[in-house]
2 protein chains.
Amino acid sequence: MSQEEFQSLLHFFKVLADENRLKLLGILASGERSVEELATLLKLKAPTISHHLARLKELNLVGMRADGNTHYYWLDAEALHTTNKLLLTPQKMASLVDDVRGDAWERKVLKDFFEGTRLKEIPASPKKRGVILKWLANQFEYNVLYKEAQVNEILQRHHEDSASLRRELISANVGLMQRENGVYWRVAQVQDAV
Amino acid sequence: MSQEEFQSLLHFFKVLADENRLKLLGILASGERSVEELATLLKLKAPTISHHLARLKELNLVGMRADGNTHYYWLDAEALHTTNKLLLTPQKMASLVDDVRGDAWERKVLKDFFEGTRLKEIPASPKKRGVILKWLANQFEYNVLYKEAQVNEILQRHHEDSASLRRELISANVGLMQRENGVYWRVAQVQDAV
DNA sequence: CTTCTAATTAGATATGTATCTATGTTTAGA
DNA sequence: TCTAAACATAGATACATATCTAATTAGAAG
């Protein structure tokens with residue numbers, strides 16, 4: 001589920017999580033009504049009704065036609081039903097927080113393997129090692145050239161085996177840094193698709 | 001739909017209308033988690049997580065097991081799904097507000113402008129005035145001829161300004177009554193299409 | 001053109017609740 | 001028995017928003 005879909009779902013719930021808006025949907029389900037009629041039925045002032053109708057319209061749950069000054073609203077039951085059907089499928093729920101789980105997992109890995117800013121050990125698992133290496137690469141600035149000694153010095157702040165780490169950072173399948181003529185620099189990463 | 005069902009529906013939406021609670025559902029969909037883990041994942045304090053979990057539990061959307069001091073929560077996906085399926089069917093929506101349906105608006109207008117059988121004032125709004133006039137016309141029998149004095153007498157039971165009311169009742173665009181040679185009678189109304 | 005009604009928009013207020021800190025409770029381990 | 005850890009509960013605060021009044025727009029009717 002994309003971030004947008006998540007926000008849509010949240011939006012949907014927020015709009016429906018109001019007593020008077022739910023009542024409006026119920027009233028409009030039985031036919032179109034003017035703002036004035038709705039205000040009378042719900043014992044609210046017209047501006048309040050306008051406010052609620054505007055929120056329902058954000059989701060296209062209601063439609064409107066103007067007859068002179070009078071605006072008649074009706075329920076788009078189809079929209080309500082399809083929206084509802086799309087929303088809470090188990091698959092959707094299961095993937096509700098791909099993104100959270102994503103970087104949360106990385107945070108967890110970092111938390112597990114770092115003691116403060118010091119690396120307790122280098123994870124054996126490639127995935128976890130990738131997370132650690134990405135973090136280490138972040139300790140270097142973009143558009144700066146580092147001599148090998150400087151690279152080692154920075155890496156050694158976090159782990160004694162700077163040589164291994166340095167080698168991994170420039171390895172082909174990691175590609176977080178590059179080297180040429182004994183000079184190192186950080187490489188911009190291609191963004192993952194969202 | 002009963003009042004209780006309506007409140008349940010509202011409750012459901014209110015509980016789900018929160019970003020972090022939605023995220024919790026998503027996280028728990030992938031397996032059980034402790035409160036502490038959830039707090040870390042969502043970058044919130046433990047009491048906040050407890051609060052959200054309590055709200056989710058109101059709807060039985062999550063379950064909990066205790067292992068020592070650690071409380072593991074999980075998603076009851078079945079509960080979520082069945083609840084969702086029950087909720088927004090078109091029939092439910094259509095019957096959301098049985099009590100307010102139909103000519104409730106007209107009843108409301110009558111209630112607002114009548115003090116018992118006495119008209120407090122004549123509404124300015126054409127629509128509301130129409131409702132009042134229809135009610136007044138109902139005070140006259142069909143197939144009976146009334147002299148102007150009789151019409152006035154009946155109207156004055158409900159409002160002092162019988163002359164204005166009488167005039168309106170026979171006006172072209174109202175047409176609830178007719179007059180000829182100083183004699184009045186009630187006119188049958190063509191039913192509006194429903 | 002002026003006036004009145006219906007609706008929307010803007011701005012103010014009040015209520016609900018998400019979140020935090022502090023405190024209490026339970027369990028595990030020294 | 002005492003301490004520490006993991007949660008829950010209580011109380012305080014801050015933010016979101018439902019609702020109102022006042023002002024504005026647009027249409028209808030005199």
# chains A, B, ... in the order shown; residues from 1 in each chain; ligands from 1
$ interface_residues --of "chain B" --to "chain C" --cutoff "7 Å" --atoms "only C-alpha atoms (C1' of nucleotides)" --output "mmCIF file with N, CA and C atoms, in the first residue's frame"
data_model
loop_
_atom_site.group_PDB
_atom_site.id
_atom_site.type_symbol
_atom_site.label_atom_id
_atom_site.label_comp_id
_atom_site.auth_asym_id
_atom_site.auth_seq_id
_atom_site.Cartn_x
_atom_site.Cartn_y
_atom_site.Cartn_z
ATOM 1 N N THR B 48 1.364 6.097 25.306
ATOM 2 C CA THR B 48 0.563 6.441 24.139
ATOM 3 C C THR B 48 0.140 5.177 23.403
ATOM 4 N N GLY B 68 5.251 -12.889 31.183
ATOM 5 C CA GLY B 68 5.951 -12.146 32.213
ATOM 6 C C GLY B 68 5.396 -10.742 32.240
ATOM 7 N N ASN B 69 6.256 -9.772 32.220
ATOM 8 C CA ASN B 69 5.812 -8.389 32.193
ATOM 9 C C ASN B 69 5.486 -7.904 30.789
#
$ closest_atom_pairs --of "chain D" --to "chain A" --cutoff "12 Å" --atoms "only C-alpha atoms (C1' of nucleotides)" --output "JSON lines"
{"residue": "D:DA16", "atom": "C1'", "partner": "A:Lys14", "partner_atom": "CA", "distance": 11.5}
{"residue": "D:DT17", "atom": "C1'", "partner": "A:Asp18", "partner_atom": "CA", "distance": 10.6}
{"residue": "D:DA18", "atom": "C1'", "partner": "A:Thr48", "partner_atom": "CA", "distance": 7.9}
{"residue": "D:DT19", "atom": "C1'", "partner": "A:Thr48", "partner_atom": "CA", "distance": 6.4}
{"residue": "D:DC20", "atom": "C1'", "partner": "A:Lys45", "partner_atom": "CA", "distance": 7.9}
{"residue": "D:DT21", "atom": "C1'", "partner": "A:Pro47", "partner_atom": "CA", "distance": 10.0}
{"residue": "D:DA22", "atom": "C1'", "partner": "A:Pro47", "partner_atom": "CA", "distance": 11.5}
{"residue": "D:DT25", "atom": "C1'", "partner": "A:Asn69", "partner_atom": "CA", "distance": 10.7}
{"residue": "D:DA26", "atom": "C1'", "partner": "A:Asn69", "partner_atom": "CA", "distance": 7.1}
{"residue": "D:DG27", "atom": "C1'", "partner": "A:Asn69", "partner_atom": "CA", "distance": 5.4}
{"residue": "D:DA28", "atom": "C1'", "partner": "A:Gly68", "partner_atom": "CA", "distance": 7.6}
$ select_by_dssp --residues "region 2-162 of chain B" --states "alpha helix (DSSP H)" --output "MDAnalysis selection string"
chainID B and resid 3:16 19:29 35:42 46:58 77:87 90:94 104:113 126:137 148:156 162
$ atom_distance --atom1 "CA of Trp74 (chain A)" --atom2 "CA of Leu10 (chain B)"
20.6 Å
$ atom_distance --atom1 "CA of Ser34 (chain B)" --atom2 "CA of Tyr73 (chain B)"
6.2 Å
$ closest_residue --among "B:Ala46, B:Ala79, B:Ala149, B:Leu61" --to "DA6 (chain D)" --atoms "only C-alpha atoms (C1' of nucleotides)"
B:Ala46
$ residues_around --residues "Leu75 (chain B)" --least-positions-apart "2" --cutoff "10 Å" --atoms "only C-alpha atoms (C1' of nucleotides)" --output "JSON, numbers by chain"
{"A": [93, 94], "B": [24, 25, 26, 27, 28, 29, 30, 31, 32, 33, 56, 57, 60, 61, 62, 63, 64, 73, 77, 78, 79, 80]}
$ write_last_selection --atoms "N, CA and C atoms" --output "compact mmCIF listing (two decimals), in the first residue's frame"
# COMPACT_ATOMS: atom_id res chain seq x y z
N MET A 93 -4.85 -4.37 4.71
CA MET A 93 -4.46 -4.25 6.11
C MET A 93 -3.04 -4.79 6.31
N ALA A 94 -2.80 -5.93 5.71
CA ALA A 94 -1.50 -6.57 5.93
C ALA A 94 -0.37 -5.68 5.42
N LEU B 24 -0.70 0.90 13.67
CA LEU B 24 -0.63 -0.23 14.60
C LEU B 24 -1.28 -1.46 13.99
N LEU B 25 -2.45 -1.27 13.41
CA LEU B 25 -3.13 -2.41 12.79
C LEU B 25 -2.25 -3.03 11.72
N GLY B 26 -1.62 -2.17 10.95
CA GLY B 26 -0.76 -2.68 9.89
C GLY B 26 0.42 -3.46 10.44
N ILE B 27 1.03 -2.93 11.46
CA ILE B 27 2.18 -3.61 12.06
C ILE B 27 1.75 -4.95 12.64
N LEU B 28 0.66 -4.91 13.37
CA LEU B 28 0.20 -6.14 14.03
C LEU B 28 -0.29 -7.17 13.03
N ALA B 29 -0.63 -6.69 11.84
CA ALA B 29 -1.09 -7.64 10.82
C ALA B 29 0.03 -8.61 10.46
N SER B 30 1.25 -8.20 10.68
CA SER B 30 2.37 -9.07 10.30
C SER B 30 2.88 -9.88 11.48
N GLY B 31 2.18 -9.84 12.58
CA GLY B 31 2.59 -10.67 13.71
C GLY B 31 2.51 -9.92 15.02
N GLU B 32 2.59 -10.65 16.10
CA GLU B 32 2.44 -10.03 17.41
C GLU B 32 3.67 -9.19 17.77
N ARG B 33 3.41 -8.17 18.58
CA ARG B 33 4.48 -7.26 19.00
C ARG B 33 4.24 -6.84 20.44
N LEU B 56 -8.27 0.18 20.40
CA LEU B 56 -8.47 -0.89 19.42
C LEU B 56 -9.15 -2.09 20.06
N LYS B 57 -8.85 -2.27 21.32
CA LYS B 57 -9.41 -3.42 22.02
C LYS B 57 -10.89 -3.22 22.31
N ASN B 60 -12.43 -5.04 19.91
CA ASN B 60 -11.91 -6.40 19.78
C ASN B 60 -11.11 -6.60 18.50
N LEU B 61 -10.47 -5.55 18.06
CA LEU B 61 -9.67 -5.67 16.85
C LEU B 61 -8.30 -6.26 17.15
N VAL B 62 -7.90 -6.22 18.40
CA VAL B 62 -6.61 -6.79 18.78
C VAL B 62 -6.79 -7.71 19.99
N GLY B 63 -5.88 -8.65 20.10
CA GLY B 63 -5.85 -9.54 21.25
C GLY B 63 -4.53 -9.35 21.97
N MET B 64 -4.44 -9.86 23.18
CA MET B 64 -3.21 -9.68 23.95
C MET B 64 -2.90 -10.95 24.74
N TYR B 73 0.70 -8.06 21.67
CA TYR B 73 -0.58 -7.78 21.02
C TYR B 73 -0.56 -8.31 19.59
N ALA B 77 -7.59 -10.22 12.63
CA ALA B 77 -7.96 -9.81 11.27
C ALA B 77 -9.39 -10.20 10.96
N GLU B 78 -9.80 -11.33 11.48
CA GLU B 78 -11.16 -11.79 11.23
C GLU B 78 -12.17 -10.77 11.75
N ALA B 79 -11.94 -10.33 12.97
CA ALA B 79 -12.86 -9.35 13.56
C ALA B 79 -12.91 -8.09 12.70
N LEU B 80 -11.75 -7.67 12.26
CA LEU B 80 -11.69 -6.47 11.44
C LEU B 80 -12.51 -6.65 10.18
$ atom_distance --atom1 "CA of Ala137 (chain B)" --atom2 "CA of Leu119 (chain B)"
13.7 Å
